[in-house]
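Dropping coords-v2.csv in here (CSV, C-alpha atoms):
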chain,number,residue,atom,x,y,z
A,294,MET,CA,-34.5,23.0,105.3
A,295,LEU,CA,-37.6,23.8,107.3
A,296,LYS,CA,-40.0,24.2,104.4
A,297,PHE,CA,-39.2,20.7,103.2
A,298,LEU,CA,-39.8,19.2,106.7
A,299,LEU,CA,-43.3,20.6,107.2
A,300,LYS,CA,-46.4,18.9,106.1
A,301,PRO,CA,-48.4,20.6,103.3
A,302,SER,CA,-51.2,21.9,105.5
A,303,LEU,CA,-48.8,24.0,107.6
A,304,ILE,CA,-46.6,24.9,104.6
A,305,ALA,CA,-49.7,26.5,102.9
A,306,PHE,CA,-50.6,28.4,106.0
A,307,LEU,CA,-47.2,29.7,106.8
A,308,TYR,CA,-46.5,30.7,103.2
A,309,CYS,CA,-49.7,32.7,103.2
A,310,LEU,CA,-48.6,34.6,106.3
A,311,PHE,CA,-44.8,34.5,106.5
A,312,THR,CA,-41.6,34.4,104.5
A,313,ILE,CA,-39.6,31.7,106.1
A,314,ASN,CA,-35.8,32.3,106.1
A,315,SER,CA,-33.3,29.5,105.9
A,316,VAL,CA,-32.9,29.6,109.7
A,317,ASN,CA,-34.8,30.6,112.8
A,318,ALA,CA,-36.7,33.9,112.8
A,319,VAL,CA,-39.6,34.6,110.5
A,320,GLU,CA,-40.4,37.8,108.5
A,321,VAL,CA,-44.0,38.4,109.1
A,322,SER,CA,-46.2,39.9,106.4
A,323,LYS,CA,-49.8,41.1,106.4
A,324,LEU,CA,-49.3,43.0,109.6
A,325,ASP,CA,-51.6,45.7,108.2
A,326,GLN,CA,-54.4,43.4,107.1
A,327,ALA,CA,-57.3,41.7,108.9
A,328,ASN,CA,-60.3,39.6,108.1
A,329,VAL,CA,-63.5,40.1,110.1
A,330,PRO,CA,-66.7,37.9,109.9
A,331,VAL,CA,-69.8,39.9,109.0
A,332,SER,CA,-73.4,38.9,108.5
A,333,SER,CA,-74.0,41.2,105.6
A,334,ARG,CA,-72.6,44.0,103.4
A,335,ALA,CA,-74.7,46.7,105.1
A,336,VAL,CA,-73.0,50.0,105.9
A,337,ALA,CA,-73.5,49.6,109.7
A,338,GLU,CA,-72.0,46.1,109.6
A,339,ARG,CA,-69.1,47.4,107.5
A,340,ASP,CA,-68.3,50.2,109.9
A,341,LYS,CA,-68.3,47.9,112.9
A,342,ALA,CA,-66.1,45.4,111.0
A,343,LEU,CA,-63.6,48.1,110.0
A,344,LYS,CA,-63.2,49.1,113.6
A,345,SER,CA,-62.6,45.5,114.6
A,346,ALA,CA,-60.1,45.1,111.7
A,347,LEU,CA,-58.1,48.1,112.9
A,348,GLU,CA,-58.1,46.8,116.4
A,349,GLN,CA,-56.5,43.5,115.1
A,350,VAL,CA,-53.9,45.5,113.1
A,351,ILE,CA,-53.0,47.6,116.2
A,352,ILE,CA,-52.5,44.4,118.2
A,353,LYS,CA,-50.4,42.8,115.5
A,354,ASN,CA,-48.1,45.8,115.3
A,355,THR,CA,-47.6,46.2,119.0
A,356,GLY,CA,-48.0,42.6,120.2
A,357,THR,CA,-50.4,43.4,123.0
A,358,ALA,CA,-54.2,44.0,123.4
A,359,ARG,CA,-53.3,46.6,126.1
A,360,SER,CA,-52.5,49.0,123.3
A,361,LEU,CA,-56.2,49.4,122.6
A,362,ASP,CA,-56.7,51.1,126.0
A,363,ASN,CA,-54.6,54.1,124.8
A,364,SER,CA,-56.7,57.3,124.5
A,365,LEU,CA,-55.3,58.2,121.1
A,366,ILE,CA,-55.9,54.7,119.8
A,367,GLN,CA,-59.4,54.8,121.2
A,368,SER,CA,-60.0,58.0,119.3
A,369,GLN,CA,-58.6,56.6,116.0
A,370,LEU,CA,-60.8,53.4,116.3
A,371,GLY,CA,-63.8,55.7,116.0
A,372,ASN,CA,-62.6,56.7,112.5
A,373,PRO,CA,-60.8,53.8,110.9
A,374,ASP,CA,-61.4,55.0,107.4
A,375,THR,CA,-58.6,57.7,107.7
A,376,LEU,CA,-56.0,54.9,107.9
A,377,LEU,CA,-57.7,52.5,105.4
A,378,SER,CA,-56.0,51.5,102.2
A,379,GLN,CA,-58.7,49.2,100.8
A,380,TYR,CA,-61.3,46.8,101.8
A,381,GLY,CA,-63.5,44.1,100.2
A,382,TYR,CA,-65.4,40.9,100.9
A,383,ILE,CA,-64.5,37.3,100.6
A,384,GLU,CA,-66.4,34.1,101.4
A,385,GLN,CA,-64.6,31.4,103.3
A,386,ASN,CA,-66.2,28.1,104.3
A,387,GLY,CA,-69.6,29.6,103.9
A,388,GLN,CA,-68.8,32.6,106.1
A,389,LEU,CA,-68.8,36.2,104.6
A,390,LEU,CA,-65.6,38.1,105.7
A,391,LEU,CA,-64.7,41.7,105.4
A,392,THR,CA,-61.0,42.0,104.5
A,393,ALA,CA,-59.3,45.3,105.2
A,394,SER,CA,-55.8,46.7,104.6
A,395,PHE,CA,-54.4,49.8,106.3
A,396,GLU,CA,-51.5,52.1,105.4
A,397,HIS,CA,-48.4,50.7,107.2
A,398,ARG,CA,-46.6,54.0,107.6
A,399,ARG,CA,-49.6,55.7,109.1
A,400,ILE,CA,-50.2,52.8,111.5
A,401,VAL,CA,-46.6,53.1,112.8
A,402,ALA,CA,-46.8,56.9,113.0
A,403,LEU,CA,-50.0,56.5,115.0
A,404,LEU,CA,-48.4,54.1,117.4
A,405,ARG,CA,-45.3,56.3,117.8
A,406,GLN,CA,-47.6,59.4,118.4
A,407,ALA,CA,-49.4,57.3,121.1
A,408,GLN,CA,-46.0,56.5,122.6
A,409,LEU,CA,-46.7,52.8,122.2
A,410,PRO,CA,-44.0,50.1,121.4
A,411,VAL,CA,-43.8,48.9,117.8
A,412,TRP,CA,-42.9,45.3,116.9
A,413,GLY,CA,-41.2,45.0,113.6
A,414,THR,CA,-41.6,42.3,110.9
A,415,GLN,CA,-38.8,40.0,112.1
A,416,ARG,CA,-40.2,37.8,114.7
A,417,PRO,CA,-39.2,34.7,116.6
A,418,LEU,CA,-40.4,31.3,115.5
A,419,THR,CA,-41.8,29.1,118.3
A,420,LEU,CA,-42.1,25.3,118.2
A,421,PHE,CA,-44.9,24.0,120.3
A,422,TRP,CA,-45.0,20.5,121.9
A,423,VAL,CA,-48.5,20.1,123.4
A,424,ALA,CA,-49.7,17.1,125.5
A,425,MET,CA,-53.5,17.1,125.9
A,426,PRO,CA,-56.5,14.8,126.2
A,427,GLY,CA,-57.6,13.3,122.9
A,428,ASP,CA,-59.2,10.1,121.6
A,429,GLY,CA,-59.7,8.9,125.2
A,430,ASP,CA,-56.0,9.2,126.0
A,431,THR,CA,-53.3,11.8,126.4
A,432,VAL,CA,-51.9,12.7,122.9
A,433,ILE,CA,-49.3,15.0,121.4
A,434,LEU,CA,-50.8,17.7,119.2
A,435,GLY,CA,-49.3,17.4,115.7
A,436,ASP,CA,-49.4,19.6,112.7
A,437,SER,CA,-51.8,17.2,110.9
A,438,SER,CA,-54.1,16.7,113.9
A,439,ALA,CA,-57.8,16.8,113.3
A,440,LEU,CA,-58.5,18.1,116.8
A,441,ALA,CA,-60.1,21.5,116.9
A,442,GLU,CA,-57.2,22.8,119.1
A,443,ARG,CA,-54.9,22.5,116.1
A,444,LYS,CA,-56.7,25.3,114.4
A,445,LEU,CA,-56.5,27.5,117.5
A,446,PHE,CA,-52.8,27.8,117.1
A,447,SER,CA,-53.2,28.8,113.4
A,448,ASP,CA,-55.8,31.4,114.4
A,449,PHE,CA,-53.6,32.8,117.1
A,450,SER,CA,-50.6,33.0,114.8
A,451,ASP,CA,-52.8,34.8,112.2
A,452,ALA,CA,-54.4,37.2,114.7
A,453,ARG,CA,-51.2,38.2,116.5
A,454,GLY,CA,-48.6,37.8,113.8
A,455,ILE,CA,-46.6,35.4,116.0
A,456,PRO,CA,-45.1,32.5,114.0
A,457,VAL,CA,-46.0,29.1,115.4
A,458,LEU,CA,-45.0,25.5,114.5
A,459,LEU,CA,-46.3,22.2,115.6
A,460,PRO,CA,-44.3,19.0,115.2
A,461,ILE,CA,-44.8,16.6,112.3
A,462,LEU,CA,-44.9,13.6,114.6
A,463,ASP,CA,-43.2,11.1,112.3
A,464,LEU,CA,-41.9,7.7,113.5
A,465,ASP,CA,-38.6,9.1,114.7
A,466,GLU,CA,-40.3,11.7,116.9
A,467,LEU,CA,-42.8,9.2,118.3
A,468,MET,CA,-40.0,6.8,119.2
A,469,GLY,CA,-38.1,9.6,120.9
A,470,ILE,CA,-40.8,11.3,122.9
A,471,ASN,CA,-44.1,10.6,124.7
A,472,PRO,CA,-46.8,12.8,126.2
A,473,ASN,CA,-45.4,12.3,129.7
A,474,ASP,CA,-42.1,13.9,128.7
A,475,ILE,CA,-44.0,17.0,127.8
A,476,LYS,CA,-46.3,16.9,130.9
A,477,GLY,CA,-43.2,16.5,133.1
A,478,MET,CA,-41.6,19.5,131.4
A,479,PHE,CA,-38.5,17.5,130.5
A,480,ALA,CA,-37.2,20.1,128.2
A,481,ASP,CA,-33.9,18.3,127.5
A,482,ILE,CA,-35.7,15.3,126.1
A,483,VAL,CA,-38.0,17.4,124.0
A,484,ALA,CA,-35.1,19.4,122.7
A,485,SER,CA,-33.3,16.3,121.7
A,486,VAL,CA,-36.0,15.5,119.1
A,487,SER,CA,-36.5,19.1,118.0
A,488,GLY,CA,-33.2,19.6,116.1
A,489,ARG,CA,-34.8,19.4,112.6
A,490,TYR,CA,-37.0,22.5,113.3
A,491,GLN,CA,-35.3,25.8,112.7
A,492,ALA,CA,-37.1,27.6,115.6
A,493,ASP,CA,-35.9,30.2,118.0
A,494,PHE,CA,-38.0,29.0,121.0
A,495,LEU,CA,-39.4,25.8,122.3
A,496,ALA,CA,-42.7,25.8,124.2
A,497,LEU,CA,-43.8,22.8,126.3
A,498,VAL,CA,-47.6,22.8,127.0
A,499,ALA,CA,-49.5,20.4,129.2
A,500,ILE,CA,-53.3,20.4,129.4
A,501,ASP,CA,-55.0,18.0,131.9
A,502,ALA,CA,-58.6,17.4,132.9
A,503,ALA,CA,-59.4,18.7,136.4
A,504,GLY,CA,-63.0,17.8,137.1
A,505,SER,CA,-65.3,19.9,134.9
A,506,GLN,CA,-62.3,22.2,134.1
A,507,VAL,CA,-58.8,21.8,132.7
A,508,ARG,CA,-55.4,22.7,134.2
A,509,TYR,CA,-52.8,24.1,131.9
A,510,ARG,CA,-49.1,25.0,132.0
A,511,LEU,CA,-46.7,26.5,129.5
A,512,ASN,CA,-42.9,26.6,129.8
A,513,LEU,CA,-40.9,28.5,127.2
A,514,TYR,CA,-37.2,27.8,126.5
A,515,THR,CA,-34.7,29.1,124.0
A,516,LYS,CA,-34.0,26.3,121.4
A,517,ALA,CA,-30.3,26.6,122.1
A,518,THR,CA,-28.6,23.9,124.3
A,519,ILE,CA,-31.0,22.7,127.0
A,520,ASP,CA,-30.1,20.3,129.8
A,521,SER,CA,-32.2,18.9,132.7
A,522,LEU,CA,-31.5,21.9,134.9
A,523,THR,CA,-32.2,24.6,132.4
A,524,PRO,CA,-34.9,26.9,133.8
A,525,PRO,CA,-37.7,28.2,131.5
A,526,LEU,CA,-37.4,31.7,130.2
A,527,PHE,CA,-41.1,32.1,130.8
A,528,SER,CA,-43.8,30.1,132.6
A,529,TYR,CA,-47.6,30.4,132.7
A,530,ASN,CA,-50.2,28.2,134.3
A,531,GLY,CA,-53.8,28.2,135.5
A,532,THR,CA,-57.3,26.6,135.1
A,533,ALA,CA,-59.9,27.2,132.4
A,534,GLU,CA,-63.4,26.0,131.5
A,535,ASN,CA,-62.0,24.0,128.5
A,536,SER,CA,-58.9,23.5,126.3
A,537,THR,CA,-60.0,26.3,124.0
A,538,GLN,CA,-59.9,28.8,126.7
A,539,ALA,CA,-56.7,27.4,128.1
A,540,ILE,CA,-54.9,27.7,124.8
A,541,GLU,CA,-56.2,31.3,124.3
A,542,ALA,CA,-55.0,32.2,127.8
A,543,MET,CA,-51.5,30.7,127.2
A,544,MET,CA,-51.2,32.3,123.8
A,545,ALA,CA,-52.2,35.7,125.0
A,546,ALA,CA,-49.6,35.4,127.8
A,547,LEU,CA,-47.0,34.4,125.3
A,548,GLY,CA,-47.8,37.3,123.1
A,549,GLU,CA,-47.3,39.6,126.1
A,550,TYR,CA,-43.9,38.0,126.8
A,551,TYR,CA,-42.8,38.6,123.3
A,552,PHE,CA,-44.2,42.1,123.4
A,553,THR,CA,-42.0,43.0,126.4
A,554,LYS,CA,-39.0,41.4,124.8
A,555,TYR,CA,-39.2,42.7,121.2
A,556,ALA,CA,-41.6,45.6,120.8
A,557,ILE,CA,-39.7,48.9,120.9
A,558,ALA,CA,-41.0,52.1,122.4
A,559,ASP,CA,-39.7,55.6,121.7
A,560,THR,CA,-37.8,56.7,124.8
A,561,GLY,CA,-38.3,60.3,124.0
A,562,THR,CA,-34.6,61.0,124.3
A,563,GLN,CA,-31.9,61.2,121.7
A,564,GLN,CA,-30.2,57.8,121.7
A,565,GLY,CA,-27.3,57.3,119.3
A,566,ALA,CA,-25.4,54.2,118.4
A,567,SER,CA,-23.2,52.7,115.7
A,568,VAL,CA,-23.1,49.3,114.1
A,569,THR,CA,-20.2,47.8,112.0
A,570,PHE,CA,-20.4,45.2,109.3
A,571,VAL,CA,-17.3,43.4,107.9
A,572,ASN,CA,-16.6,41.3,104.9
A,573,ILE,CA,-18.8,43.4,102.6
A,574,GLN,CA,-18.0,42.0,99.2
A,575,LYS,CA,-20.6,43.7,96.9
A,576,MET,CA,-22.4,47.0,96.8
A,577,ALA,CA,-25.6,45.0,96.8
A,578,GLN,CA,-24.7,43.8,100.3
A,579,LEU,CA,-24.3,47.4,101.5
A,580,VAL,CA,-27.7,48.3,100.0
A,581,GLU,CA,-29.4,45.4,101.6
A,582,VAL,CA,-27.9,46.2,105.0
A,583,GLU,CA,-28.9,49.8,104.8
A,584,ARG,CA,-32.5,48.8,103.7
A,585,TYR,CA,-32.7,46.3,106.6
A,586,LEU,CA,-31.5,48.7,109.2
A,587,LYS,CA,-33.9,51.5,108.2
A,588,GLN,CA,-36.9,49.2,108.5
A,589,LEU,CA,-36.1,48.0,112.1
A,590,SER,CA,-38.6,49.1,114.7
A,591,ALA,CA,-35.7,50.1,117.0
A,592,ILE,CA,-34.1,52.6,114.5
A,593,LYS,CA,-35.3,56.1,113.7
A,594,ASN,CA,-32.6,56.7,111.1
A,595,ALA,CA,-29.5,54.9,109.8
A,596,THR,CA,-26.6,56.6,107.9
A,597,LEU,CA,-23.6,55.1,106.4
A,598,THR,CA,-20.8,57.1,107.9
A,599,HIS,CA,-17.6,55.2,107.2
A,600,ILE,CA,-16.5,52.6,104.7
A,601,GLN,CA,-13.0,51.3,104.3
A,602,GLY,CA,-11.9,48.1,102.5
A,603,HIS,CA,-14.6,45.5,103.2
A,604,THR,CA,-15.9,47.2,106.5
A,605,ALA,CA,-18.8,49.6,106.8
A,606,THR,CA,-20.1,51.5,109.8
A,607,PHE,CA,-23.5,53.0,110.2
A,608,SER,CA,-24.5,55.7,112.6
A,609,LEU,CA,-27.9,55.1,114.1
A,610,ASP,CA,-30.6,57.1,115.9
A,611,LEU,CA,-32.6,54.8,118.1
A,612,PHE,CA,-36.1,54.6,119.5
A,613,GLY,CA,-35.0,52.3,122.2
A,614,SER,CA,-31.7,51.2,123.7
A,615,GLU,CA,-28.7,49.5,122.2
A,616,THR,CA,-29.7,46.3,124.0
A,617,ASP,CA,-33.1,46.4,122.1
A,618,LEU,CA,-31.2,46.8,118.9
A,619,GLN,CA,-28.9,43.9,119.5
A,620,ARG,CA,-31.8,41.7,120.4
A,621,LEU,CA,-33.5,42.5,117.1
A,622,LEU,CA,-30.2,41.9,115.2
A,623,SER,CA,-29.9,38.5,116.7
A,624,LEU,CA,-33.2,37.5,115.1
A,625,GLU,CA,-32.0,38.2,111.5
A,626,PRO,CA,-30.8,35.0,109.9
A,627,ARG,CA,-28.7,36.9,107.4
A,628,ILE,CA,-26.6,38.4,110.2
A,629,SER,CA,-23.9,36.7,112.2
A,630,VAL,CA,-21.6,38.0,115.0
A,631,VAL,CA,-18.0,37.7,114.0
A,632,ALA,CA,-14.7,38.3,115.8
A,633,PRO,CA,-13.3,41.9,115.9
A,634,VAL,CA,-12.1,43.2,112.6
A,635,SER,CA,-8.7,42.1,111.4
A,636,ALA,CA,-5.6,44.2,111.3
A,637,GLY,CA,-5.6,46.7,108.4
A,638,GLU,CA,-9.4,47.1,108.5
A,639,PHE,CA,-11.2,50.1,109.9
A,640,SER,CA,-12.0,49.5,113.6
A,641,PRO,CA,-14.1,52.2,115.2
A,642,VAL,CA,-13.6,53.0,118.9
A,643,SER,CA,-17.0,51.5,119.8
A,644,ASN,CA,-15.8,48.1,118.7
A,645,GLN,CA,-12.8,48.4,120.9
A,646,THR,CA,-15.1,48.6,123.9
A,647,GLY,CA,-16.6,45.2,123.4
A,648,LYS,CA,-19.5,45.9,121.0
A,649,PRO,CA,-20.2,43.1,118.6
A,650,VAL,CA,-19.1,43.3,114.9
A,651,TYR,CA,-21.5,41.8,112.4
A,652,GLU,CA,-21.4,40.1,109.0
A,653,TRP,CA,-24.2,40.1,106.4
A,654,ARG,CA,-24.4,36.7,104.8
A,655,LEU,CA,-24.6,36.4,101.1
A,656,PRO,CA,-27.5,34.4,99.8
Just dump the structure as structure tokens.
Amino acid sequence: MLKFLLKPSLIAFLYCLFTINSVNAVEVSKLDQANVPVSSRAVAERDKALKSALEQVIIKNTGTARSLDNSLIQSQLGNPDTLLSQYGYIEQNGQLLLTASFEHRRIVALLRQAQLPVWGTQRPLTLFWVAMPGDGDTVILGDSSALAERKLFSDFSDARGIPVLLPILDLDELMGINPNDIKGMFADIVASVSGRYQADFLALVAIDAAGSQVRYRLNLYTKATIDSLTPPLFSYNGTAENSTQAIEAMMAALGEYYFTKYAIADTGTQQGASVTFVNIQKMAQLVEVERYLKQLSAIKNATLTHIQGHTATFSLDLFGSETDLQRLLSLEPRISVVAPVSAGEFSPVSNQTGKPVYEWRLP
């Protein structure tokens, strides 16, 4: 599986930040933690760093830096201690860092009170294929690359809580793809050598020298079947002073795209729904399903309302829409959509109107 295909450098990084499931989406941890460089342990320096740490946590939990413009958030940033769980200092590569943890429930409550969207822990995994200048030629950026741009992807992933992968670039991949395939945005060719990676999305990135600046372009595709005519889900391009600024601009734009797709805001209206799971074989499954539903950012409350045979139905109060809910459910690797329930099993009216029926996979 994925964790056996990655090189040790990325494995260590991902396991520090994420729990990688057997397929696709990633459960992101440390959403309420941040590390901030400081010059000393002085009180004034600490207070400034705690504010910066809270800003990072707010962005991680919403997915967008625009959330910092909210008036309620601005007020809270002036007093980060009220949300603080603990803080301390570590030294990393000769740099002193303040590391801070905030109380998750209070962070989410603050965001809801500010009427900001909340992005849950289950997040899509994106595989990046990057063609850029390097060593006097155009190269593909791999996971083990010594180029400084490699670290930028890790830093972005850490700061925004967005799982990112770079390819191994073993012999099979180097035989199947070259930088021009990426620069030309031939997504079908790139997809054909990406099957080993259990990612949700495929990002093709081209960075080219343009005089004293660089041009950049990012195209995002779902990692499902891609052919030569498949349009990108999202595209972003521009110019920058250097590749560092180009990558930062593209990653910020990608974060905004995922924010609009997965972060859920409270509509302020009572939105009810139901969801049905079939083939429940053990009570432990039912407990896991209920626990999972209650932690989703789209759900205010989940109540088991009907169980018959191996089928269970939960009534839900939602923050967003049913479409938001289904989008989040599609990211969970333990959930699969199955055919309508069989004869003799409980089949609520909602399922007869075309709603999907789900199965919770056993480990």
Selected residue, from A:Leu511, A:Ala517, A:Met544, A:Leu440, that lies nearest to Tyr529 in chain A when counting all atoms listed in the file:
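Closest candidate: A:Leu511.
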If I take CA of Phe446 in chain A and CA of Leu347 in chain A, how far is one from the other in Å, to one decimal?
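Distance between the two atoms: 21.4 Å.
Our summary of the geometry notes that CA of Ala480 in chain A is positioned 13.4 Å from CA of Arg510 in chain A.
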Do you know which residues lie at most 8 Å from (-38.6, 24.1, 122.0), with coordinates as in the file and all atoms listed in the file counted, and could you write them as a ChimeraX atom specification?
/A:419-422,480,483-484,487,492-497,513-516
With C-alpha atoms kept, could you save the residues just selected as a short mmCIF file (atom, residue, chain, number, x, y, z; two decimals), in the coordinates of the input?
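Result file again-v5.cif:
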data_model
loop_
_atom_site.label_atom_id
_atom_site.label_comp_id
_atom_site.auth_asym_id
_atom_site.auth_seq_id
_atom_site.Cartn_x
_atom_site.Cartn_y
_atom_site.Cartn_z
CA THR A 419 -41.80 29.10 118.30
CA LEU A 420 -42.10 25.30 118.20
CA PHE A 421 -44.90 24.00 120.30
CA TRP A 422 -45.00 20.50 121.90
CA ALA A 480 -37.20 20.10 128.20
CA VAL A 483 -38.00 17.40 124.00
CA ALA A 484 -35.10 19.40 122.70
CA SER A 487 -36.50 19.10 118.00
CA ALA A 492 -37.10 27.60 115.60
CA ASP A 493 -35.90 30.20 118.00
CA PHE A 494 -38.00 29.00 121.00
CA LEU A 495 -39.40 25.80 122.30
CA ALA A 496 -42.70 25.80 124.20
CA LEU A 497 -43.80 22.80 126.30
CA LEU A 513 -40.90 28.50 127.20
CA TYR A 514 -37.20 27.80 126.50
CA THR A 515 -34.70 29.10 124.00
CA LYS A 516 -34.00 26.30 121.40
#
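CA of Gly371 in chain A sits 14.2 Å away from CA of Glu338 in chain A.
Proximity to Thr569 in chain A was assessed for A:Ile475, A:Val650, A:Ile500, A:Leu445 counting only C-alpha atoms; the smallest distance is recorded for A:Val650.
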Taking (-20.3, 53.7, 115.7) in the coordinates of the supplied file, I want to know which residues reach to within 6 Å of it, counting only C-alpha atoms; could you give the answer as an MDAnalysis selection string?
chainID A and resid 566:568 608 643
